[in-house]
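Visitor: Provided herewith is a single structure, encoded as structure tokens, for subsequent inquiry.
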Amino acid sequence: MNQYDIVGKSVPQIEALGKSTGKTKFVSDLVLPRMLYGRVLRSPYAQAKIHNIDTSRAAALPGVKAIVTYEDTPKIKFGPRSEDWTIFAFGKTRFFGDEVAAVAAVDEDTAEEALELIRVDYEELPHIISPLEAMKTGAPLVHEDKPGNIAAEFNIEAGNVDKALDESYVVYEDQYYTNQVYQAYMEPMATLADVDLSGRISLWTGTQIPNMMRMSYAKALGIAPDQLRVVVPEYGGAFGGKMENNIHLVAIILAQKTGRPVKLVNTRHDDFISGNPRVPMHFDIKLGATREGILTGKDVKIVGAAGARLVYSQVIVSTACYRVDSLYRFKNVRAKGYTVYTNTVPTACFRGFGNSQSTFVLESAMDELAVRLNIDPVELRIKNAIGPNETSVHGWKIGSAGLKDCVIKASEAANWSQKTKHKVPLKGIGLSCCNHVSGNRPFAREFDGGSGMVRIGMDGRITVFHGESDMGQGQNTVFAQIVAERLGVTMDMIHVAQVDTDISPFGLGSFATRGTLMGGNGLLAAAENTYEQLAEVAADLLNVTTDAIQCRKGIFSVKDAPANKISFREVASQATIRKHGVPVIGTGFYRPSTELPDPDTKKGNISPAYPFGCQIAEVEVDRDTGQVSVTKFVAAHDVGRAINPLATEGQIQGGITQGLGWTLMENMAYDRGKIVNADFVDYIVPSCFDVPEIESILVEPIEPNGPYGAKGIGEPALNPTMAAITNAIYNATGVRVKELPVNPQKLLTKMRQQENS
């Protein structure tokens, strides 16, 4: 039984009432006095020389306050992982949507009209879309100093892969492709920039990484980081997409030039063509096993498209090369990854961060091995599943691991054995497993972990400060639960402060499924520090030692004499009075025992915890059209202790829905270098009618490194979905899907070929 009052209980998000009643102010709702509106002029070509930009007609339009181009910037090359960015295009544009100029005007209509009056003299150049074509001799170069358009290479190897594959009873070899998809968050990228009289910049924006963004932008602007303040209001989703983007810097340049606040909100079209969607990847895989189904070796080559500039694509490709290797007891693995420049929108983070692409490929290959070995796919996973207190091939120290339990519980709930024995034509069932991290030490090399601050005023109100980012996933609520549990108070006494780099502790941000574990541990330490201060005052007031004190539901009492008690608010008041008005402030941090990987072997324990999962999909395939309908999902996920089961189940449901869209309908389509479906008319995402019944099963092995035993769930909720669906399609039709999204026409053609063979 759960021994806690708050942790492990289903709690609605603390922002839910404001959001549901329309009271919440999102970034796009913010207004400052004398505020101007910005718009960006973007390249209509995939690659073109810029010979001249004439802004005279636009500048003469009444209401236009500024027009800026590359010449108005510090002209510093920068980038979060490279130095191939400029705030505006210089010399040539490199993708359809590249930033060429920007306007600030008194209203949005005037700004839009001004864009049409800017004249740019372009010379269209040859372009390249496919990363495989971009690597060929004679291909157009995106960056002249990058021969072969190779932006980065990654190699990793452990064991003797060639020997392992040569000695395998069966080796599966094939090619796969995962396409480019858009994060489809509800609120497009939006930002508001202001510059005070000293020149110090304030930036209000929805960002997952306020502190890391601040450092990148300080370099781009040629200023010290303390000259830039980043505030994170409520914002409408991210899924990895809202990290560094030139829209923020454009707003700052306009604010600097006008001396007035400038708000810049992407249109949905602009968001499609200039955001940072998922990295598309080409895979070559070899996977071997013994006659008994024990995995012997894995060899992978990956080519990923970076787009026109590096954001995080090279890190995502490297992640795709090795993270999935710690799902099973691999001993011999090898991967080579190429990140390649293309004349497409720059690609970057999207829920799963490369592991989702690799999971689709590996779990498809696992099912192919199961067919060749005549082993049940459930049995094959259980035989190879990594377990607790094991060390993976890359040196990951697995503390808790509920992978086997996930497979067993999901297969039982889905009635797997009966449905695989008694097949119905064109109905199928398929499963997929996944692993992930709860934190990623190599992402920020300087340090890892989390921090927090808890402030309690004279009235007993508790304010929680952290430097992470809640993008709608419920992180603030989980943080409030952790603090409330440790302090022994009710949730209504907790307020979570808006992230503001001037006030909040430094946090690395929301990525790598790290928020609950890293940020939660930091705040748990801060709450512990705060509690110790209050317990001293309470013990003095109750005339006992601090060891004799407890606090539950907002009441301090003596453990052996519960009638001897005093309210939390009275203790807070007395603590503040004793310090002549100084509030009780507790700080704390979490230092995980993670490691930077060895530069040669890439071995190292990169995360304090590793979540796992298993999803099972059921599908029906239309005999006449090849259209696939997903009819049911069972998802069992190892989440450690679920701090908030309601939110955890919501994350699982959201991940499955997002993965369903990627598998069956979503694709960013290019024609002559241009994205041709940059809106929600032609880019189709799942509606409520597409989402099947989802049964969520929370597997809760207590994680020794997690706050109250918790791990993360954000990315694992998506990672196995694609392969679960395509494995179910194979079960229904005998057709192996090796390219996302599923094309009904191609599927139908292959089904008919099988019928006629």
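Following the order of the structure tokens, first chain is A, next is B, and so on, with residues numbered from 1 inside each chain and ligands from 1 in the order they appear.
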Excluding range 262-269 of chain A and its own-chain neighbours fewer than 5 positions away, which residues fall within 6 Å of it when counting only C-alpha atoms? Please give them as a PyMOL selection string.
Guide: chain A and resi 35-38+188-193+251+255+678-679
Visitor: Under the rule of at most 12 Å, produce a per-residue listing of range 135-224 of chain A near range 488-499 of chain A: chain, number, name, the closest pair of atoms, and the distance in Å, as a Markdown table, using only C-alpha atoms.
Guide:
```
| residue | atom | partner | partner_atom | distance |
| --- | --- | --- | --- | --- |
| A:Leu203 | CA | A:Val499 | CA | 11.9 |
| A:Trp204 | CA | A:Val499 | CA | 10.2 |
| A:Thr205 | CA | A:Val499 | CA | 10.6 |
| A:Gly206 | CA | A:Val499 | CA | 10.4 |
| A:Thr207 | CA | A:Val499 | CA | 10.2 |
| A:Gln208 | CA | A:Val499 | CA | 10.6 |
| A:Ile209 | CA | A:Val499 | CA | 10.5 |
| A:Pro210 | CA | A:Val499 | CA | 8.2 |
| A:Asn211 | CA | A:Val499 | CA | 10.0 |
```
Visitor: Would you compute the distance between CA of Val584 in chain A and CA of Asn543 in chain A? Give it in Å to one decimal.
Guide: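 About the pair CA of Val584 in chain A and CA of Asn543 in chain A: they are 20.6 Å apart.
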Visitor: Residues near His466 in chain A, anyone? I mean within 12 Å using only C-alpha atoms, not counting same-chain ones fewer than 6 positions away, as a PyMOL selection string.
Guide: chain A and resi 210-211+232+450-455+475-476+479-480+483+495-510+515-516+518-524+526-527+587-589
Visitor: DSSP on the backbone: which residues in range 397-632 of chain A end up as helix (DSSP H, G or I)? Give the answer as a PyMOL selection string.
Guide: chain A and resi 403-413+416-421+441-443+475-487+491-493+515-542+546-548+568-578
Visitor: Do you know which residues are at most 8 Å from Asn440 in chain A counting only C-alpha atoms, after dropping those on the same chain fewer than 5 positions away, and could you put them as a PyMOL selection string?
Guide: chain A and resi 512+514+606-607
Visitor: Near range 608-624 of chain A, within 6 Å and counting only C-alpha atoms, which residues show up once chain neighbours fewer than 5 positions away are dropped, as a PyMOL selection string?
Guide: chain A and resi 403+406-407+426-438+629-639+724-725
